[in-house]
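Structure first, then comments.
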Amino acid sequence: MKERITVLGIPFDRITMDQTVDRILQFMKGDRCRTVYTPNPEFVMAAKSDQDFTEVLQCGDLVIPDGVGIVIASKIQKQPLPERVAGYDTVQNVLEKLKDTSYTVYFLGAAPGVAEEAATKMKEKYPGLQVVGTYHGYFTEEEEPAILQEIHQLKPDLLLVGLGFPRQEKWIAAHQSTLPVKVCMGIGGSIDGMAGKVKRAPVFFQKIGLEWLYRLVRQPSRWKRMLQLPLFLWYVLMENKK
Ligand code: UDP
């Protein structure tokens, strides 16, 4: 069985949640910066007209299916991915493993003040977790060197980057070779989730693959983005017919 499949040109690792967490923990023992990306159908659709974004995702050390649409696509292609591996849940599972260890974490992203709030909440939830720094995601080009300098000083093992796609993945790829970090992961809106600003759908919705519907009802402004989902499935069906 292939370990990595592609959906409309974007790679996905055939890996379960437990294996994903193990792999990230292994990366943290490594000697260079590894990248973890979590595409959903919206990423794949955006990548169709953004070659740089496509190439960045293709170079990811670990690429996991954040959306149920990707798992459905893999089944249509008859190369099924074992399960949806949601970025938010992955982060939670990794942080749980890092509590009471010497590994350190840095949160970069979300509106001013939110990353600090997320750090406080995560330190309460996972006692012994070492969040060594935070910075918001609305920094200017002029501010960026100071952020990079801080990361160089703190040398966090895990850098969680929530700047929204494709900015976060492009930012990670641009800095991967110089960052003194073991794992750099693009996490979208997860910092908002950790700070309690955005609620995850109840487990019931997640289990039946309708988390997207729950999010749409709670944040109707996302409807335009969500139109990408049927279009994505249409492209996958067409591609599979060829
Ligand atoms: N964000 C940011 N800087 C930006 C644009 C967005 O830090 O220039 C943050 C935003 O505040 C939010 C996250 O990036 O916390 C994007 O969240 P979303 O749920 O839209 O995630 P996506 O679906 O893009 O992965």
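Letters A, B, ... go to the chains of the structure tokens in the order shown; residues in each chain start at 1; ligands are counted from 1 in the same order.
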Residue list (alpha helix (DSSP H), DSSP) for segment 15-145 of chain A, as an MDAnalysis selection string: chainID A and resid 17:27 41:48 51:58 68:76 87:98 114:125 144:145
Dump as a Markdown table the rows for residues of chain A within 6 Å of ligand 1: closest atom pair and distance in Å with one decimal, only C-alpha atoms and all ligand atoms counted, ordered by chain and rising residue number.
```
| residue | atom | partner | partner_atom_place_in_ligand_line | distance |
| --- | --- | --- | --- | --- |
| A:Gly109 | CA | ligand 1 | 7 (O) | 3.9 |
| A:Ala110 | CA | ligand 1 | 11 (O) | 3.4 |
| A:Ala111 | CA | ligand 1 | 11 (O) | 4.8 |
| A:Gly137 | CA | ligand 1 | 7 (O) | 3.2 |
| A:Tyr138 | CA | ligand 1 | 3 (N) | 4.6 |
| A:Gly162 | CA | ligand 1 | 14 (O) | 4.9 |
| A:Leu163 | CA | ligand 1 | 14 (O) | 3.6 |
| A:Gly164 | CA | ligand 1 | 24 (O) | 3.5 |
| A:Phe165 | CA | ligand 1 | 24 (O) | 4.6 |
| A:Gly188 | CA | ligand 1 | 25 (O) | 3.2 |
| A:Gly189 | CA | ligand 1 | 17 (O) | 3.3 |
| A:Ile191 | CA | ligand 1 | 15 (O) | 5.9 |
| A:Asp192 | CA | ligand 1 | 15 (O) | 5.2 |
```
Kindly export the residues of the current selection with N, CA, C and O atoms, as an mmCIF file, in the first residue's frame.
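The resulting file, out.cif, is reproduced below:
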```cif
data_model
loop_
_atom_site.group_PDB
_atom_site.id
_atom_site.type_symbol
_atom_site.label_atom_id
_atom_site.label_comp_id
_atom_site.auth_asym_id
_atom_site.auth_seq_id
_atom_site.Cartn_x
_atom_site.Cartn_y
_atom_site.Cartn_z
ATOM 1 N N GLY A 109 0.668 33.403 15.784
ATOM 2 C CA GLY A 109 -0.531 33.574 14.966
ATOM 3 C C GLY A 109 -1.721 34.097 15.743
ATOM 4 O O GLY A 109 -1.654 34.303 16.953
ATOM 5 N N ALA A 110 -2.806 34.352 15.010
ATOM 6 C CA ALA A 110 -4.090 34.867 15.520
ATOM 7 C C ALA A 110 -3.982 36.351 15.899
ATOM 8 O O ALA A 110 -2.899 36.942 15.832
ATOM 9 N N ALA A 111 -5.105 36.924 16.295
ATOM 10 C CA ALA A 111 -5.166 38.357 16.591
ATOM 11 C C ALA A 111 -4.349 38.665 17.851
ATOM 12 O O ALA A 111 -4.110 37.775 18.672
ATOM 13 N N GLY A 137 -0.363 37.122 14.811
ATOM 14 C CA GLY A 137 -0.133 36.822 13.394
ATOM 15 C C GLY A 137 -0.358 37.987 12.462
ATOM 16 O O GLY A 137 -0.475 37.789 11.246
ATOM 17 N N TYR A 138 -0.451 39.191 12.981
ATOM 18 C CA TYR A 138 -0.686 40.342 12.108
ATOM 19 C C TYR A 138 0.537 41.250 12.090
ATOM 20 O O TYR A 138 0.423 42.470 12.102
ATOM 21 N N GLY A 162 -0.153 29.706 13.084
ATOM 22 C CA GLY A 162 -1.557 29.864 12.690
ATOM 23 C C GLY A 162 -1.807 31.203 12.045
ATOM 24 O O GLY A 162 -2.338 32.123 12.673
ATOM 25 N N LEU A 163 -1.407 31.333 10.767
ATOM 26 C CA LEU A 163 -1.571 32.604 10.053
ATOM 27 C C LEU A 163 -2.627 32.489 8.970
ATOM 28 O O LEU A 163 -2.774 33.389 8.155
ATOM 29 N N GLY A 164 -3.350 31.344 8.936
ATOM 30 C CA GLY A 164 -4.278 31.081 7.836
ATOM 31 C C GLY A 164 -3.490 30.584 6.628
ATOM 32 O O GLY A 164 -2.296 30.854 6.495
ATOM 33 N N PHE A 165 -4.182 29.805 5.759
ATOM 34 C CA PHE A 165 -3.479 29.304 4.573
ATOM 35 C C PHE A 165 -3.645 30.293 3.432
ATOM 36 O O PHE A 165 -4.633 31.030 3.410
ATOM 37 N N GLY A 188 -3.677 26.807 11.078
ATOM 38 C CA GLY A 188 -4.896 27.571 10.768
ATOM 39 C C GLY A 188 -5.455 28.287 11.989
ATOM 40 O O GLY A 188 -4.742 28.986 12.702
ATOM 41 N N GLY A 189 -6.741 28.069 12.244
ATOM 42 C CA GLY A 189 -7.409 28.777 13.343
ATOM 43 C C GLY A 189 -7.292 28.089 14.700
ATOM 44 O O GLY A 189 -8.041 28.438 15.629
ATOM 45 N N ILE A 191 -5.202 28.344 17.098
ATOM 46 C CA ILE A 191 -4.858 29.197 18.251
ATOM 47 C C ILE A 191 -6.141 29.826 18.800
ATOM 48 O O ILE A 191 -6.338 29.894 20.013
ATOM 49 N N ASP A 192 -7.056 30.225 17.892
ATOM 50 C CA ASP A 192 -8.362 30.747 18.336
ATOM 51 C C ASP A 192 -9.104 29.672 19.124
ATOM 52 O O ASP A 192 -9.721 29.952 20.150
#
```
Polymer residues at most 12 Å from Gly30 of chain A, only C-alpha atoms, same-chain spacing of 2 or more positions, as an MDAnalysis selection string: chainID A and resid 23:28 32:34 157:158 180:183
Would you mind exporting N, CA and C atoms of the selected residues as a short mmCIF file (atom, residue, chain, number, x, y, z; two decimals), in the first residue's frame?
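Resulting contents of again_20.cif:
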```
data_model
loop_
_atom_site.label_atom_id
_atom_site.label_comp_id
_atom_site.auth_asym_id
_atom_site.auth_seq_id
_atom_site.Cartn_x
_atom_site.Cartn_y
_atom_site.Cartn_z
N ARG A 23 4.87 10.20 14.88
CA ARG A 23 5.80 10.72 13.89
C ARG A 23 6.29 12.12 14.29
N ILE A 24 5.36 12.95 14.79
CA ILE A 24 5.76 14.31 15.20
C ILE A 24 6.73 14.23 16.39
N LEU A 25 6.47 13.31 17.30
CA LEU A 25 7.37 13.16 18.46
C LEU A 25 8.74 12.66 18.00
N GLN A 26 8.76 11.81 16.99
CA GLN A 26 10.05 11.36 16.42
C GLN A 26 10.79 12.54 15.79
N PHE A 27 10.04 13.36 15.02
CA PHE A 27 10.66 14.54 14.39
C PHE A 27 11.33 15.41 15.45
N MET A 28 10.71 15.48 16.63
CA MET A 28 11.23 16.36 17.67
C MET A 28 12.57 15.89 18.21
N ARG A 32 16.98 18.32 12.32
CA ARG A 32 16.65 19.44 11.42
C ARG A 32 15.16 19.77 11.55
N CYS A 33 14.79 20.90 10.93
CA CYS A 33 13.39 21.34 11.05
C CYS A 33 12.49 20.58 10.08
N ARG A 34 11.51 19.86 10.62
CA ARG A 34 10.54 19.13 9.78
C ARG A 34 9.24 19.94 9.72
N ASP A 157 11.21 23.69 20.46
CA ASP A 157 11.24 22.43 19.70
C ASP A 157 10.09 22.39 18.69
N LEU A 158 8.94 22.94 19.12
CA LEU A 158 7.75 22.91 18.26
C LEU A 158 7.26 24.34 18.04
N PRO A 180 15.79 27.44 14.15
CA PRO A 180 16.37 26.48 15.10
C PRO A 180 15.26 25.73 15.82
N VAL A 181 14.42 25.06 15.04
CA VAL A 181 13.19 24.45 15.54
C VAL A 181 13.16 23.02 15.00
N LYS A 182 12.56 22.08 15.72
CA LYS A 182 12.52 20.70 15.23
C LYS A 182 11.28 20.42 14.37
N VAL A 183 10.16 21.01 14.78
CA VAL A 183 8.92 20.81 14.02
C VAL A 183 8.21 22.15 13.86
#
```
Residue neighbourhood Pro230 of chain A, 10 Å, only C-alpha atoms, exclusion window fewer than 5 positions, as a PyMOL selection string: chain A and resi 41+69+235-236
Only N, CA and C atoms, please: the residues just picked out, written as a CSV table (one decimal), in the first residue's frame.
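Below you can see result.csv, which holds the result:
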```
chain,number,residue,atom,x,y,z
A,41,PRO,N,-10.0,20.5,1.8
A,41,PRO,CA,-10.4,20.7,0.4
A,41,PRO,C,-10.1,22.2,-0.1
A,69,GLY,N,-13.6,15.9,3.6
A,69,GLY,CA,-13.7,15.9,2.1
A,69,GLY,C,-12.5,15.2,1.5
A,235,TYR,N,-14.3,18.0,-9.0
A,235,TYR,CA,-13.0,17.8,-9.7
A,235,TYR,C,-12.4,16.4,-9.4
A,236,VAL,N,-12.6,15.9,-8.2
A,236,VAL,CA,-12.0,14.6,-7.9
A,236,VAL,C,-12.8,13.5,-8.7
```
Residue contacts of Glu117 of chain A (12 Å, only C-alpha atoms) excluding same-chain residues fewer than 5 positions away, as JSON, numbers by chain: {"A": [107, 109, 110, 111, 112, 122, 123, 124, 131, 133, 134, 135, 136, 191, 192, 193, 194, 195, 196, 197]}
Segment 18-103 of chain A: residues DSSP assigns to strand (DSSP E or B), reported as an MDAnalysis selection string: chainID A and resid 34:37 62:63
Serialized selection, N, CA and C atoms, as a PDB file, in the first residue's frame:
```pdb
ATOM      1  N   ARG A  34      11.505  19.856  10.615  1.00  0.00           N
ATOM      2  CA  ARG A  34      10.539  19.133   9.782  1.00  0.00           C
ATOM      3  C   ARG A  34       9.238  19.943   9.720  1.00  0.00           C
ATOM      4  N   THR A  35       8.524  19.796   8.593  1.00  0.00           N
ATOM      5  CA  THR A  35       7.283  20.567   8.436  1.00  0.00           C
ATOM      6  C   THR A  35       6.058  19.651   8.460  1.00  0.00           C
ATOM      7  N   VAL A  36       5.000  20.137   9.076  1.00  0.00           N
ATOM      8  CA  VAL A  36       3.737  19.400   9.122  1.00  0.00           C
ATOM      9  C   VAL A  36       2.636  20.326   8.602  1.00  0.00           C
ATOM     10  N   TYR A  37       1.929  19.876   7.566  1.00  0.00           N
ATOM     11  CA  TYR A  37       0.840  20.671   6.994  1.00  0.00           C
ATOM     12  C   TYR A  37      -0.472  19.897   7.109  1.00  0.00           C
ATOM     13  N   LEU A  62       5.285  15.888   6.617  1.00  0.00           N
ATOM     14  CA  LEU A  62       4.092  15.135   7.009  1.00  0.00           C
ATOM     15  C   LEU A  62       2.891  15.969   6.569  1.00  0.00           C
ATOM     16  N   VAL A  63       2.003  15.357   5.784  1.00  0.00           N
ATOM     17  CA  VAL A  63       0.832  16.093   5.289  1.00  0.00           C
ATOM     18  C   VAL A  63      -0.400  15.268   5.650  1.00  0.00           C
TER      19      VAL A  63
END
```
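Counting only C-alpha atoms, the residue from A:Thr178, A:Gln219, A:Ser74, A:Gln168 that sits nearest to Val198 of chain A is A:Gln219.
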Selection: 12 Å around Thr90 of chain A, only C-alpha atoms, excl. self and same-chain fewer than 6 positions, as a list in words: Thr16, Met17, Asp18, Gln19, Thr20, Val21, Asp22, Arg23, Ile24, Leu25, Val36, Tyr37, Thr38, Val63, Ile64, Pro65, Asp66, Arg84, Glu96, Lys97, Leu160, Met185, Gly186, Ile187 and Ser190 of chain A
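Relative to atom CA of Leu159 of chain A, atom CA of Cys184 of chain A is found at 4.8 Å.
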Residues at most 9 Å from Trp212 of chain A, counting only C-alpha atoms, excluding those fewer than 5 positions away in the same chain, as a PDB file with C-alpha atoms, in the first residue's frame?
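File result00.pdb, as written:
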```pdb
ATOM      1  CA  GLY A  67     -11.039  17.746   6.261  1.00  0.00           C
ATOM      2  CA  VAL A  68     -13.470  14.884   5.801  1.00  0.00           C
ATOM      3  CA  ALA A 201     -18.276  21.187  16.823  1.00  0.00           C
ATOM      4  CA  PHE A 205     -20.899  16.297  14.381  1.00  0.00           C
ATOM      5  CA  GLN A 206     -17.199  15.432  14.076  1.00  0.00           C
ATOM      6  CA  VAL A 217     -24.116  27.592  10.837  1.00  0.00           C
ATOM      7  CA  MET A 226     -17.426  26.344   1.810  1.00  0.00           C
TER       8      MET A 226
END
```
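Of the residues listed (A:Val91, A:Val44, A:Leu108, A:Ile151), A:Val44 shows the shortest atom-to-atom separation from Ala73 of chain A; distances use only C-alpha atoms.
What separates atom CA of Leu129 of chain A from atom CA of Ala173 of chain A is a distance of 26.4 Å.
Atom CA of Val132 of chain A lies 5.8 Å from atom CA of Tyr106 of chain A.
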